[in-house]
Amino acid sequence: MSLVVRNLQRAVPLRRAPLRRRLEAVRKILGVQTFDLGVVCVDSRSIQRINRVYRGKNAPTDVLSFPFHENLKAGEFPQPDSPDDYNLGDIFLGVEYIFQQCKDKEDYYDALAVTATHGLCHLLGFTHSTEAEWRKMYQKEEQVLQELSRRMGTQLQPLSRDLF
């Protein structure tokens, strides 16, 4: 199914092709390439507004996930009833915020891939509200990013590595 990557910001330069390549690889690694996925890249002001409206937090953030299938258990695949149900949901990437958080020599597109992987895990029911939930999510992110690193010749670490 389709992967739609939209760039709705002009705060930082963004080439969609490198991001798309990484996202397609992550979808294959997770086994969800048959599901539609929307990835929307926004600036800090926009992600802050979305964060305030949907989470009650008036601060910019790196990623917000909006699952099409709610109440999935961690790692559970959606069970579509119709062709329209082959949708994972949408991920909003705060690309300006991510760009500002990049450390020296850290590849911006790798940071976007790590952040999008975190968001995809949320779409598949993973959370990090408790230490036990975080462990499951961390293990899944680590597994996916190790395989992505092997394929791309990089060393990617899970976004959730320092949460607990």
# chains A, B, ... in the order shown; residues from 1 in each chain; ligands from 1
call {"tool": "closest_atom_pairs", "arguments": {"of": "stretch 59-163 of chain A", "to": "stretch 3-25 of chain A", "cutoff": "7 Å", "atoms": "only C-alpha atoms", "output": "CSV"}}
result
residue,atom,partner,partner_atom,distance
A:Glu96,CA,A:Val12,CA,5.9
A:Tyr109,CA,A:Leu19,CA,6.1
A:Ala113,CA,A:Arg22,CA,6.1
A:Leu148,CA,A:Ala25,CA,6.9
call {"tool": "atom_distance", "arguments": {"atom1": "atom CA of A:Phe35", "atom2": "atom CA of A:Tyr86"}}
result
4.7 Å
call {"tool": "residues_around", "arguments": {"residues": "stretch 114-122 of chain A", "least_positions_apart": "4", "cutoff": "8 Å", "atoms": "only C-alpha atoms", "output": "count of residues only"}}
result
23
